[in-house]
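S.K.: Following this message is one structure expressed as structure tokens.
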Amino acid sequence: MQDVLSAWEKVEIARCPTRKTALDYIEKVFDEFIELQGDRLYGDDASFVCGLGCIEKQNVTIIAQQKGRNTKENVKRNFGMPNPEGYRKAIRIMKQSEKFGRPIITFIDTKGAYPGIQAEERGQGEAIARSMFEMSKIKVPIIAVVIGEGSSGGALAISIANKIIMLENAIYSILSPEGYASILWKDSSKAKEAAEKMKLTAQDLYDLNIIDSIIQENNIKYNSENEKFEIISNNLKKDIILNLNNLNTLTAEKILQDRYLKFRNMGEYKEVDYDIKK
């Protein structure tokens with residue numbers, strides 16, 4: 001199956017200000033959601049939305065990176081760029097989830113963790129590393145969903161999961177195309193060229209065995225944007241439920257082993273067709 005859109009075109013779609021946010025998907029995919037706030041150390045970070053959810057009578061924990069839908073919301077959400085207290089809030093809620101045996105669903109949508117001086121003073125790097133470290137030890141199933149931008153350590157921090165799902169027009173990489181171009185060619189204006197080389201599209205990442213499934217966004221028959229979003233959300237919900245049902249059959253030890261082997265085997269090319277959910 002050949003992509004019609006270029007990697008850079010998908011970067012632009014993933015960054016589109018009108019693209020659906022984590023809260024939009026939470027509202028459609030889950031039957032209930034109760035938000036929990038604060039990291040119990042410093043404060044609350046609105047770029048992270050965390051809480052308790054229910055999907056098909058299954059109680060889960062939701063950890064989501066949230067961009068704003070307009071300028072006012074973006075200022076409140078810090079344009080979806082988390083501070084250290086955001087990651088520490090996520091860690092707190094994940095550990096609570098493990099205590100009560102609830103699977104964890106994360107939604108990834110950030111251009112990266114906030115690089116400000118105050119964030120660094122509060123331990124941004126440590127918070128990201130701690131999040132990845134703690135996720136690797138959590139003894140309940142974890143499913144990560146990349147819905148838009150998944151860039152840099154800001155995204156990787158909540159992606160240590162048993163299964164990773166991506167929307168077809170989302171991107172997922174260790175840094176932004178601009179950052180890649182700046183490092184490789186000392187010229188951030190070559191971001192478009194960088195995007196084509198970075199293997200950051202869902203199809204590239206599926207081939208590399210980094211993600212597990214792709215939720216179709218293109219070539220969907222629909223009468224309105226709302227209907228299209230309904231179809232995408234329903235397909236995402238089905239995929240989450242399928243993965244939960246499979247992972248719920250595993251013991252805690254098997255869940256940890258499954259997650260470990262997933263990351264050990266990343267980078268090996270698959271020889272099968274794209275698993276785009278119809």
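Going through the structure tokens in order, the chains are called A, B, and so on, while each chain numbers its residues from 1 and the ligands are numbered from 1 in the order shown.
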Might you pull out every residue within 10 Å of range 252-265 of chain A, with only C-alpha atoms counted and same-chain residues fewer than 5 positions away left off, and present them as a list in words?

M.R.: Gly101, Met135, Ser136, Lys137, Ile138, Lys139, Val140, Pro141, Ile142, Ile160, Ala161, Asn162, Lys163, Ile164, Leu208, Asn209, Ile210, Ile211, Asp212 and Leu247 of chain A

S.K.: For Pro177 in chain A, work out the shell of residues within 7 Å, counting only C-alpha atoms and skipping chain neighbours fewer than 5 positions away, then give it as a VMD selection string.

M.R.: chain A and resid 191 194 to 195

S.K.: Pick out the closest residue to Phe133 in chain A from this set: A:Leu156, A:Ile171, A:Leu36, A:Val29. Count only C-alpha atoms.

M.R.: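 Of the candidates, the smallest distance to Phe133 in chain A is held by A:Leu156.
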
S.K.: For the structure I just gave you, how does DSSP split range 18-225 of chain A - specifically, which residues are helix (DSSP H, G or I)? Reply as number ranges by chain.

M.R.: A: 22-29, 71-76, 78-80, 84-100, 117-121, 124-137, 152-156, 177-185, 188-197, 202-207, 225

S.K.: Quick one: write out the picked residues with C-alpha atoms as a PDB file, in the first residue's frame?

M.R.:
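Here's the written file again-v6.pdb:
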```
ATOM      1  CA  ALA A  22      -7.225  14.299  23.350  1.00  0.00           C
ATOM      2  CA  LEU A  23     -10.336  15.581  25.126  1.00  0.00           C
ATOM      3  CA  ASP A  24     -12.317  15.206  21.900  1.00  0.00           C
ATOM      4  CA  TYR A  25     -11.313  11.534  21.698  1.00  0.00           C
ATOM      5  CA  ILE A  26     -11.857  10.948  25.407  1.00  0.00           C
ATOM      6  CA  GLU A  27     -15.407  12.237  25.058  1.00  0.00           C
ATOM      7  CA  LYS A  28     -16.143   9.938  22.095  1.00  0.00           C
ATOM      8  CA  VAL A  29     -14.234   6.782  23.025  1.00  0.00           C
ATOM      9  CA  THR A  71      -5.542  30.858  21.650  1.00  0.00           C
ATOM     10  CA  LYS A  72      -6.976  31.183  25.152  1.00  0.00           C
ATOM     11  CA  GLU A  73      -6.958  27.413  25.680  1.00  0.00           C
ATOM     12  CA  ASN A  74      -3.470  27.088  24.195  1.00  0.00           C
ATOM     13  CA  VAL A  75      -2.132  29.584  26.716  1.00  0.00           C
ATOM     14  CA  LYS A  76      -3.792  27.603  29.512  1.00  0.00           C
ATOM     15  CA  ASN A  78       0.946  25.758  27.330  1.00  0.00           C
ATOM     16  CA  PHE A  79       0.376  24.740  23.692  1.00  0.00           C
ATOM     17  CA  GLY A  80       0.468  21.094  24.753  1.00  0.00           C
ATOM     18  CA  PRO A  84       7.852  18.597  34.935  1.00  0.00           C
ATOM     19  CA  GLU A  85       4.767  18.640  37.157  1.00  0.00           C
ATOM     20  CA  GLY A  86       2.771  17.264  34.225  1.00  0.00           C
ATOM     21  CA  TYR A  87       4.932  14.163  34.011  1.00  0.00           C
ATOM     22  CA  ARG A  88       4.956  13.817  37.788  1.00  0.00           C
ATOM     23  CA  LYS A  89       1.166  14.020  37.816  1.00  0.00           C
ATOM     24  CA  ALA A  90       1.085  11.299  35.168  1.00  0.00           C
ATOM     25  CA  ILE A  91       3.423   9.116  37.234  1.00  0.00           C
ATOM     26  CA  ARG A  92       1.260   9.600  40.328  1.00  0.00           C
ATOM     27  CA  ILE A  93      -1.903   8.605  38.482  1.00  0.00           C
ATOM     28  CA  MET A  94      -0.200   5.627  36.808  1.00  0.00           C
ATOM     29  CA  LYS A  95       0.977   4.283  40.158  1.00  0.00           C
ATOM     30  CA  GLN A  96      -2.534   4.717  41.525  1.00  0.00           C
ATOM     31  CA  SER A  97      -3.791   2.785  38.496  1.00  0.00           C
ATOM     32  CA  GLU A  98      -1.383  -0.067  39.231  1.00  0.00           C
ATOM     33  CA  LYS A  99      -2.498  -0.155  42.875  1.00  0.00           C
ATOM     34  CA  PHE A 100      -6.129  -0.651  41.876  1.00  0.00           C
ATOM     35  CA  ILE A 117      14.372  27.809  32.129  1.00  0.00           C
ATOM     36  CA  GLN A 118      11.905  27.283  34.990  1.00  0.00           C
ATOM     37  CA  ALA A 119      10.975  23.850  33.647  1.00  0.00           C
ATOM     38  CA  GLU A 120      14.652  22.901  33.572  1.00  0.00           C
ATOM     39  CA  GLU A 121      15.110  24.264  37.114  1.00  0.00           C
ATOM     40  CA  GLN A 124      12.375  18.526  33.268  1.00  0.00           C
ATOM     41  CA  GLY A 125      14.892  15.922  32.123  1.00  0.00           C
ATOM     42  CA  GLU A 126      14.577  13.914  35.331  1.00  0.00           C
ATOM     43  CA  ALA A 127      10.782  13.981  35.155  1.00  0.00           C
ATOM     44  CA  ILE A 128      10.784  12.610  31.592  1.00  0.00           C
ATOM     45  CA  ALA A 129      13.320   9.914  32.434  1.00  0.00           C
ATOM     46  CA  ARG A 130      11.434   8.993  35.612  1.00  0.00           C
ATOM     47  CA  SER A 131       8.188   8.656  33.672  1.00  0.00           C
ATOM     48  CA  MET A 132       9.769   6.229  31.204  1.00  0.00           C
ATOM     49  CA  PHE A 133      11.460   4.303  34.029  1.00  0.00           C
ATOM     50  CA  GLU A 134       8.274   3.970  36.068  1.00  0.00           C
ATOM     51  CA  MET A 135       6.169   2.987  33.040  1.00  0.00           C
ATOM     52  CA  SER A 136       8.559   0.145  32.285  1.00  0.00           C
ATOM     53  CA  LYS A 137       7.736  -1.360  35.708  1.00  0.00           C
ATOM     54  CA  SER A 152      10.801  14.335  21.269  1.00  0.00           C
ATOM     55  CA  GLY A 153      11.122  13.092  24.841  1.00  0.00           C
ATOM     56  CA  GLY A 154       7.915  14.890  25.643  1.00  0.00           C
ATOM     57  CA  ALA A 155       6.044  12.206  23.717  1.00  0.00           C
ATOM     58  CA  LEU A 156       8.315   9.266  24.472  1.00  0.00           C
ATOM     59  CA  PRO A 177      11.855  17.751  11.784  1.00  0.00           C
ATOM     60  CA  GLU A 178      13.164  21.245  12.553  1.00  0.00           C
ATOM     61  CA  GLY A 179      15.334  19.861  15.348  1.00  0.00           C
ATOM     62  CA  TYR A 180      16.590  17.044  13.123  1.00  0.00           C
ATOM     63  CA  ALA A 181      17.496  19.502  10.362  1.00  0.00           C
ATOM     64  CA  SER A 182      19.244  21.814  12.829  1.00  0.00           C
ATOM     65  CA  ILE A 183      21.408  18.982  14.146  1.00  0.00           C
ATOM     66  CA  LEU A 184      22.149  17.274  10.834  1.00  0.00           C
ATOM     67  CA  TRP A 185      22.501  20.251   8.502  1.00  0.00           C
ATOM     68  CA  SER A 188      16.120  24.265  10.482  1.00  0.00           C
ATOM     69  CA  SER A 189      14.654  25.487   7.173  1.00  0.00           C
ATOM     70  CA  LYS A 190      15.363  22.007   5.772  1.00  0.00           C
ATOM     71  CA  ALA A 191      12.638  20.541   7.976  1.00  0.00           C
ATOM     72  CA  LYS A 192      10.618  19.342   4.983  1.00  0.00           C
ATOM     73  CA  GLU A 193      13.597  17.341   3.707  1.00  0.00           C
ATOM     74  CA  ALA A 194      14.254  16.044   7.219  1.00  0.00           C
ATOM     75  CA  ALA A 195      10.678  14.779   7.588  1.00  0.00           C
ATOM     76  CA  GLU A 196      11.085  12.571   4.519  1.00  0.00           C
ATOM     77  CA  LYS A 197      14.172  10.925   6.057  1.00  0.00           C
ATOM     78  CA  ALA A 202       2.461   5.685  10.887  1.00  0.00           C
ATOM     79  CA  GLN A 203       3.204   3.506   7.847  1.00  0.00           C
ATOM     80  CA  ASP A 204       6.985   3.825   8.317  1.00  0.00           C
ATOM     81  CA  LEU A 205       6.734   3.035  12.011  1.00  0.00           C
ATOM     82  CA  TYR A 206       4.469   0.053  11.438  1.00  0.00           C
ATOM     83  CA  ASP A 207       7.017  -1.358   8.985  1.00  0.00           C
ATOM     84  CA  GLU A 225     -16.434  16.225   9.331  1.00  0.00           C
TER      85      GLU A 225
END
```

S.K.: Pick from A:Ile104, A:Arg19, A:Phe30, A:Leu41: nearest to Asn243 in chain A, with only C-alpha atoms counted?

M.R.: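 Nearest to Asn243 in chain A: A:Ile104.
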
S.K.: Can you tell me which residues surround Asn169 in chain A at a distance of at most 9 Å, considering only C-alpha atoms, apart from same-chain residues fewer than 6 positions away, and format the answer as a list in words?

M.R.: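 After dropping sequence-adjacent residues, the list is Leu5, Glu9, Lys10, Val11, Ile13, Ala14, Ile147, Gly148, Thr201, Ala202, Ile215, Gln216, Glu217 and Asn218 of chain A.
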
S.K.: Export, as a short mmCIF file (atom, residue, chain, number, x, y, z; two decimals), in the first residue's frame, the selected residues with C-alpha atoms.

M.R.:
```cif
data_model
loop_
_atom_site.label_atom_id
_atom_site.label_comp_id
_atom_site.auth_asym_id
_atom_site.auth_seq_id
_atom_site.Cartn_x
_atom_site.Cartn_y
_atom_site.Cartn_z
CA LEU A 5 0.53 12.03 1.31
CA GLU A 9 2.16 16.82 4.50
CA LYS A 10 1.41 14.53 7.44
CA VAL A 11 3.50 16.75 9.71
CA ILE A 13 -1.88 17.73 9.24
CA ALA A 14 -0.68 16.54 12.66
CA ILE A 147 -3.32 11.18 17.84
CA GLY A 148 -1.31 14.13 16.47
CA THR A 201 4.76 8.43 9.62
CA ALA A 202 2.46 5.68 10.89
CA ILE A 215 -6.35 3.86 12.53
CA GLN A 216 -7.43 4.97 9.06
CA GLU A 217 -8.15 8.66 8.50
CA ASN A 218 -7.91 8.97 4.72
#
```

S.K.: Tell me, in Å to one decimal, how far CA of Gln66 in chain A is from CA of Ser151 in chain A.

M.R.: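 So the two atoms, CA of Gln66 in chain A and CA of Ser151 in chain A, lie 13.8 Å apart.
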
S.K.: With only C-alpha atoms as the counted atoms, please give the residues lying no more than 12 Å from Gln58 in chain A, apart from itself and same-chain residues fewer than 2 positions off, as a list in words.

M.R.: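 Everything that qualifies: Phe30, Asp31, Glu32, Leu52, Gly53, Cys54, Ile55, Glu56, Val60, Thr61, Gly101, Arg102, Pro103, Ile104, Ile105, Ile240, Ile241, Leu244, Asn245 and Asn248 of chain A.
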
S.K.: Which of these, A:Ala64, A:Ser224, A:Asn70, A:Glu230, has the shortest distance to Thr18 in chain A once you count only C-alpha atoms?

M.R.: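 For Thr18 in chain A, the nearest of the candidates is A:Asn70.
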
S.K.: Could you tell me how far CA of Thr251 in chain A sits from CA of Phe107 in chain A, in Å to one decimal place?

M.R.: 24.3 Å

S.K.: Could you check the closest approach to Asn83 in chain A for each of A:Lys111, A:Gly51, A:Asp44, A:Gly68 and tell me which residue wins, using only C-alpha atoms?

M.R.: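 Under the stated criterion, the closest residue is A:Asp44.
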
S.K.: Can you measure CA of Thr110 in chain A to CA of Ile174 in chain A for me? One decimal in Å is fine.

M.R.: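 Taking CA of Thr110 in chain A as the start and CA of Ile174 in chain A as the end point, the length is 11.7 Å.
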